[in-house]
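The next block is final07.txt, given as compact mmCIF, C-alpha atoms and all ligand atoms.
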# COMPACT_ATOMS: atom_id res chain seq x y z
CA MET A 1 -17.70 11.40 1.04
CA VAL A 2 -15.57 9.26 -1.26
CA GLY A 3 -18.13 9.62 -4.05
CA GLN A 4 -17.55 13.37 -4.18
CA LEU A 5 -13.82 13.16 -4.70
CA ASN A 6 -12.07 13.07 -8.03
CA ASN A 7 -9.60 10.23 -7.70
CA PHE A 8 -8.98 6.72 -8.93
CA TRP A 9 -11.09 5.07 -6.24
CA ASN A 10 -14.14 6.44 -8.02
CA GLN A 11 -12.98 5.31 -11.45
CA LEU A 12 -12.32 1.64 -10.79
CA PRO A 13 -14.29 -0.65 -13.08
CA GLU A 14 -17.07 -2.60 -11.45
CA GLY A 15 -15.81 -5.93 -10.16
CA ALA A 16 -12.18 -4.86 -10.08
CA PHE A 17 -9.82 -7.10 -8.13
CA ALA A 18 -7.07 -6.07 -5.73
CA LEU A 19 -3.98 -7.91 -4.61
CA ALA A 20 -4.14 -7.55 -0.81
CA PRO A 21 -1.12 -6.38 1.15
CA MET A 22 0.86 -9.32 2.51
CA GLU A 23 3.88 -8.94 4.72
CA ASP A 24 6.93 -10.68 3.26
CA VAL A 25 4.91 -11.67 0.18
CA THR A 26 3.73 -8.75 -1.97
CA ASP A 27 7.10 -7.36 -2.99
CA THR A 28 7.75 -6.09 -6.50
CA VAL A 29 8.61 -9.53 -7.89
CA PHE A 30 5.48 -11.16 -6.49
CA ARG A 31 3.27 -8.29 -7.64
CA GLU A 32 4.67 -8.50 -11.15
CA LEU A 33 4.15 -12.24 -11.24
CA ILE A 34 0.52 -11.88 -10.15
CA LEU A 35 -0.01 -9.06 -12.64
CA SER A 36 1.43 -11.09 -15.48
CA VAL A 37 -0.92 -14.03 -14.90
CA SER A 38 -4.03 -11.97 -14.14
CA HIS A 39 -6.77 -10.85 -16.47
CA PRO A 40 -5.78 -7.31 -17.55
CA ALA A 41 -9.34 -6.04 -17.18
CA LYS A 42 -9.77 -7.43 -13.67
CA LEU A 43 -6.73 -6.79 -11.49
CA LYS A 44 -6.67 -3.04 -10.95
CA LEU A 45 -5.12 -2.49 -7.51
CA LEU A 46 -1.90 -3.72 -6.00
CA PHE A 47 -0.80 -3.25 -2.40
CA THR A 48 2.77 -3.45 -1.18
CA GLU A 49 3.71 -5.33 1.96
CA PHE A 50 3.62 -2.98 4.93
CA THR A 51 6.47 -0.67 5.84
CA SER A 52 7.18 0.71 9.30
CA THR A 53 6.81 4.46 9.74
CA ASP A 54 9.36 4.26 12.56
CA GLY A 55 11.79 2.74 10.09
CA LEU A 56 11.09 5.30 7.38
CA CYS A 57 11.66 8.16 9.84
CA HIS A 58 14.98 6.90 11.20
CA ALA A 59 18.29 7.27 9.37
CA GLU A 60 19.47 3.71 10.01
CA GLY A 61 15.97 2.24 10.01
CA TYR A 62 15.30 3.78 6.62
CA LYS A 63 18.11 1.73 5.09
CA ALA A 64 16.64 -1.40 6.60
CA VAL A 65 13.08 -0.91 5.32
CA VAL A 66 13.33 1.09 2.10
CA HIS A 67 13.63 -2.06 -0.04
CA ARG A 68 9.95 -2.60 0.74
CA LEU A 69 9.15 0.39 -1.47
CA LYS A 70 11.09 -0.94 -4.44
CA VAL A 71 9.26 -1.15 -7.76
CA ASN A 72 11.14 -2.90 -10.56
CA GLN A 73 10.96 -1.21 -13.95
CA SER A 74 9.33 -4.33 -15.43
CA GLU A 75 6.55 -4.11 -12.85
CA ARG A 76 6.23 -0.37 -13.48
CA ASP A 77 5.87 -1.02 -17.24
CA LEU A 78 3.10 -3.58 -16.70
CA ILE A 79 1.33 -1.28 -14.26
CA ARG A 80 1.33 1.56 -16.79
CA GLU A 81 0.27 -0.66 -19.67
CA ARG A 82 -2.71 -1.96 -17.69
CA ASN A 83 -3.61 1.21 -15.83
CA VAL A 84 -3.22 -0.49 -12.47
CA LYS A 85 -2.87 1.51 -9.25
CA LEU A 86 -0.10 0.72 -6.82
CA ILE A 87 -0.69 1.52 -3.15
CA VAL A 88 1.94 1.47 -0.47
CA GLN A 89 0.92 0.30 2.97
CA ILE A 90 2.50 1.76 6.10
CA TRP A 91 2.11 0.96 9.77
CA GLY A 92 3.14 2.50 13.08
CA ASN A 93 1.78 4.14 16.21
CA ASP A 94 2.95 7.74 16.08
CA PRO A 95 0.82 10.22 14.06
CA GLU A 96 3.79 12.54 13.58
CA LYS A 97 5.76 9.70 11.98
CA PHE A 98 2.79 8.78 9.79
CA PHE A 99 2.85 12.36 8.56
CA ARG A 100 6.61 12.43 7.95
CA ALA A 101 6.68 9.00 6.33
CA SER A 102 3.71 9.86 4.08
CA LYS A 103 5.34 13.09 3.00
CA ALA A 104 8.61 11.33 2.20
CA ILE A 105 6.73 8.69 0.19
CA ALA A 106 4.75 11.33 -1.71
CA ASP A 107 7.88 13.38 -2.41
CA ASP A 108 10.35 10.62 -3.28
CA PHE A 109 8.36 7.71 -4.69
CA GLN A 110 5.73 7.06 -7.32
CA PHE A 111 2.83 5.39 -5.61
CA ASP A 112 -0.81 6.11 -6.39
CA GLY A 113 -1.91 5.99 -2.79
CA ILE A 114 -0.91 5.37 0.79
CA ASP A 115 -2.79 2.85 2.89
CA ILE A 116 -2.58 2.95 6.67
CA ASN A 117 -2.55 -0.52 8.17
CA MET A 118 -4.92 -0.39 11.09
CA GLY A 119 -5.90 -3.99 11.43
CA CYS A 120 -2.97 -6.31 11.91
CA PRO A 121 -4.11 -9.08 14.27
CA VAL A 122 -0.60 -10.33 15.01
CA ASN A 123 -0.11 -10.42 18.81
CA LYS A 124 3.27 -8.73 18.71
CA VAL A 125 1.78 -5.84 16.73
CA ILE A 126 -1.29 -5.49 18.94
CA ALA A 127 1.00 -5.48 21.99
CA GLU A 128 2.71 -2.39 20.61
CA PHE A 129 -0.65 -0.65 20.26
CA VAL A 130 -0.52 -0.06 16.56
CA PHE A 131 -3.37 1.75 14.83
CA CYS A 132 -6.16 -0.76 14.07
CA PRO A 133 -8.36 -1.85 11.63
CA HIS A 134 -7.92 -1.42 7.88
CA TRP A 135 -9.12 2.06 7.37
CA SER A 136 -8.05 4.51 4.81
CA ALA A 137 -5.87 5.52 1.97
CA PHE A 138 -5.21 8.84 0.38
CA THR A 139 -3.58 9.56 -2.91
CA CYS A 140 -0.07 10.88 -3.03
CA LYS A 141 -1.51 13.96 -4.67
CA GLY A 142 -3.16 14.73 -1.36
CA ASN A 143 -6.74 13.66 -2.01
CA TYR A 144 -8.29 11.60 0.72
CA SER A 145 -9.62 8.60 -1.06
CA GLY A 146 -11.27 6.09 1.15
CA ASN A 147 -11.34 2.62 2.57
CA HIS A 148 -10.17 -0.73 1.43
C1 LIG B 1 0.96 -13.96 4.72
C2 LIG B 1 0.02 -12.81 4.93
C3 LIG B 1 0.52 -11.56 5.19
C4 LIG B 1 -0.34 -10.48 5.38
N1 LIG B 1 0.19 -9.23 5.57
C5 LIG B 1 -0.63 -8.18 5.64
C6 LIG B 1 -0.11 -6.86 5.71
O1 LIG B 1 1.10 -6.62 5.70
N2 LIG B 1 -1.00 -5.84 5.77
C7 LIG B 1 -2.36 -6.04 5.75
O2 LIG B 1 -3.11 -5.07 5.81
N3 LIG B 1 -2.87 -7.28 5.67
C8 LIG B 1 -2.04 -8.33 5.61
N4 LIG B 1 -2.58 -9.57 5.47
C9 LIG B 1 -4.04 -9.72 5.33
C10 LIG B 1 -4.40 -9.73 3.84
O3 LIG B 1 -4.10 -8.49 3.25
C11 LIG B 1 -5.90 -9.99 3.65
O4 LIG B 1 -6.65 -8.96 4.24
C12 LIG B 1 -6.33 -11.28 4.27
O5 LIG B 1 -5.51 -12.31 3.81
C13 LIG B 1 -7.80 -11.61 3.94
O6 LIG B 1 -7.98 -11.62 2.56
P1 LIG B 1 -8.85 -12.74 1.85
O7 LIG B 1 -10.21 -12.64 2.45
O8 LIG B 1 -8.83 -12.38 0.39
O9 LIG B 1 -8.14 -14.02 2.16
C14 LIG B 1 -1.74 -10.66 5.31
C15 LIG B 1 -2.24 -11.93 5.03
C16 LIG B 1 -1.39 -12.98 4.84
C17 LIG B 1 -1.98 -14.35 4.54

Structure encoded using structure tokens:
Amino acid sequence: MVGQLNNFWNQLPEGAFALAPMEDVTDTVFRELILSVSHPAKLKLLFTEFTSTDGLCHAEGYKAVVHRLKVNQSERDLIRERNVKLIVQIWGNDPEKFFRASKAIADDFQFDGIDINMGCPVNKVIAEFVFCPHWSAFTCKGNYSGNH
């Protein structure tokens, strides 16, 4: 199915590298650092650390989690210069909140895709029955775009 869609997943150069999503690690500063020391032709995908859909859909929670979506201008400049795609990862357990959070991200932020975390093996997360394993992403323009 992915092969039939017109989106960046189908245009990645062969052998492209991605920076995996890492909680409390892959914030804008870390991503920029990794970008700046990586081969420009190789690193083509960056993932944010994950952000809670519960948090994004709650007035107070939003203030507590929105920093996870921050992209410094210096990172943005490097991303543009190197034609790198930046994907935001979200997690949660309520489909309605996934929808609302995804819409807010698409409307208010400039990410190239949204990745649903479905595979966090942390006991606390499993205990809360969060969606599992790594599964899909779709572009903010609405095209379903595949797995990672
Ligand atoms: C500190 C740390 C935090 C991580 N946080 C996330 C996360 O927020 N979301 C996610 O999907 N995977 C997370 N992972 C898993 C990584 O994205 C990756 O899938 C895993 O490290 C395996 O990659 P590797 O085979 O290149 O080591 C985390 C891994 C580490 C080490």

Output the neighbourhood of ligand LIG 1 (chain B) as a PyMOL selection string, that is, all protein and nucleic acid residues with some atom at most 6 Å from the ligand, counting only C-alpha atoms and all ligand atoms. chain A and resi 20-23+49-50+117

So which one's closest to A:Phe98, A:Ile114, A:Leu78, A:Val65, A:Leu46? Using only C-alpha atoms, please. A:Ile114

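The neighbours of stretch 101-106 of chain A here are the residues that come within 8 Å of it, using all atoms listed in the file and leaving out any residue fewer than 3 positions away in the same chain; they are Thr53, Leu56, Cys57, Lys97, Phe98, Phe109, Gln110, Phe111, Ile114, Cys140 and Lys141 of chain A.
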
Keeping only C-alpha atoms, write the selected residues to a file as a short mmCIF file (atom, residue, chain, number, x, y, z; two decimals), in the frame of the given file.
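Result saved to again.cif:
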data_model
loop_
_atom_site.label_atom_id
_atom_site.label_comp_id
_atom_site.auth_asym_id
_atom_site.auth_seq_id
_atom_site.Cartn_x
_atom_site.Cartn_y
_atom_site.Cartn_z
CA THR A 53 6.81 4.46 9.74
CA LEU A 56 11.09 5.30 7.38
CA CYS A 57 11.66 8.16 9.84
CA LYS A 97 5.76 9.70 11.98
CA PHE A 98 2.79 8.78 9.79
CA PHE A 109 8.36 7.71 -4.69
CA GLN A 110 5.73 7.06 -7.32
CA PHE A 111 2.83 5.39 -5.61
CA ILE A 114 -0.91 5.37 0.79
CA CYS A 140 -0.07 10.88 -3.03
CA LYS A 141 -1.51 13.96 -4.67
#

Could you pull the residues within 9 Å of A:Val71, counting all atoms listed in the file, minus those fewer than 4 positions along the same chain, as JSON, numbers by chain? {"A": [27, 28, 29, 67, 75, 76, 110]}

With C-alpha atoms kept, could you save the residues just selected as an mmCIF file, keeping the file's coordinate frame?
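Result file out_5.cif:
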data_model
loop_
_atom_site.group_PDB
_atom_site.id
_atom_site.type_symbol
_atom_site.label_atom_id
_atom_site.label_comp_id
_atom_site.auth_asym_id
_atom_site.auth_seq_id
_atom_site.Cartn_x
_atom_site.Cartn_y
_atom_site.Cartn_z
ATOM 1 C CA ASP A 27 7.100 -7.360 -2.990
ATOM 2 C CA THR A 28 7.750 -6.090 -6.500
ATOM 3 C CA VAL A 29 8.610 -9.530 -7.890
ATOM 4 C CA HIS A 67 13.630 -2.060 -0.040
ATOM 5 C CA GLU A 75 6.550 -4.110 -12.850
ATOM 6 C CA ARG A 76 6.230 -0.370 -13.480
ATOM 7 C CA GLN A 110 5.730 7.060 -7.320
#

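In this model, the gap between atom CA of A:Ser52 and atom CA of A:Asn83 comes to 27.4 Å.
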
To test the calculation: enclose all listed atoms of stretch 89-95 of chain A in a box whose edges run along x, y and z, add 5 Å on each side, then state centre and edge lengths in Å to one decimal, as JSON.
{"center_x": 2.0, "center_y": 5.3, "center_z": 9.6, "size_x": 12.3, "size_y": 19.9, "size_z": 23.2}

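A straight line drawn from atom CA of A:Ile87 to atom CA of A:Asp115 is 6.5 Å long.
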
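Look at A:Leu12: the protein and nucleic acid residues within 12 Å of it, using all atoms listed in the file and passing over chain neighbours fewer than 3 places away, are A:Gly3, A:Asn6, A:Asn7, A:Phe8, A:Trp9, A:Gly15, A:Ala16, A:Phe17, A:Ala18, A:Ala41, A:Lys42, A:Leu43, A:Lys44, A:Leu45, A:Asn83, A:Val84, A:Lys85.
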
Would you pick out the contacts of A:Val66 at 10 Å or less, using all atoms listed in the file, so that residues sharing its chain but fewer than 3 positions from it are not included, and give the list as a list of chain:residue names? A:Thr51, A:Ser52, A:Gly55, A:Leu56, A:Gly61, A:Tyr62, A:Lys63, A:Leu69, A:Lys70

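With distances taken over all atoms listed in the file, A:Asp112 is the one residue among A:Ser36, A:Asp112, A:Ala64, A:Gln73 lying closest to A:Leu86.
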
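Interatomic distance, atom CA of A:Glu81 against atom CA of A:Leu35: 11.0 Å.
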
Could you check the closest approach to A:Pro40 for each of A:Pro13, A:Val88, A:Asn93, A:Gly119 and tell me which residue wins, using only C-alpha atoms? A:Pro13

Counting only C-alpha atoms, the residue among A:His39, A:Arg80, A:Arg68, A:Arg100 that lies closest to A:Thr26 is A:Arg68
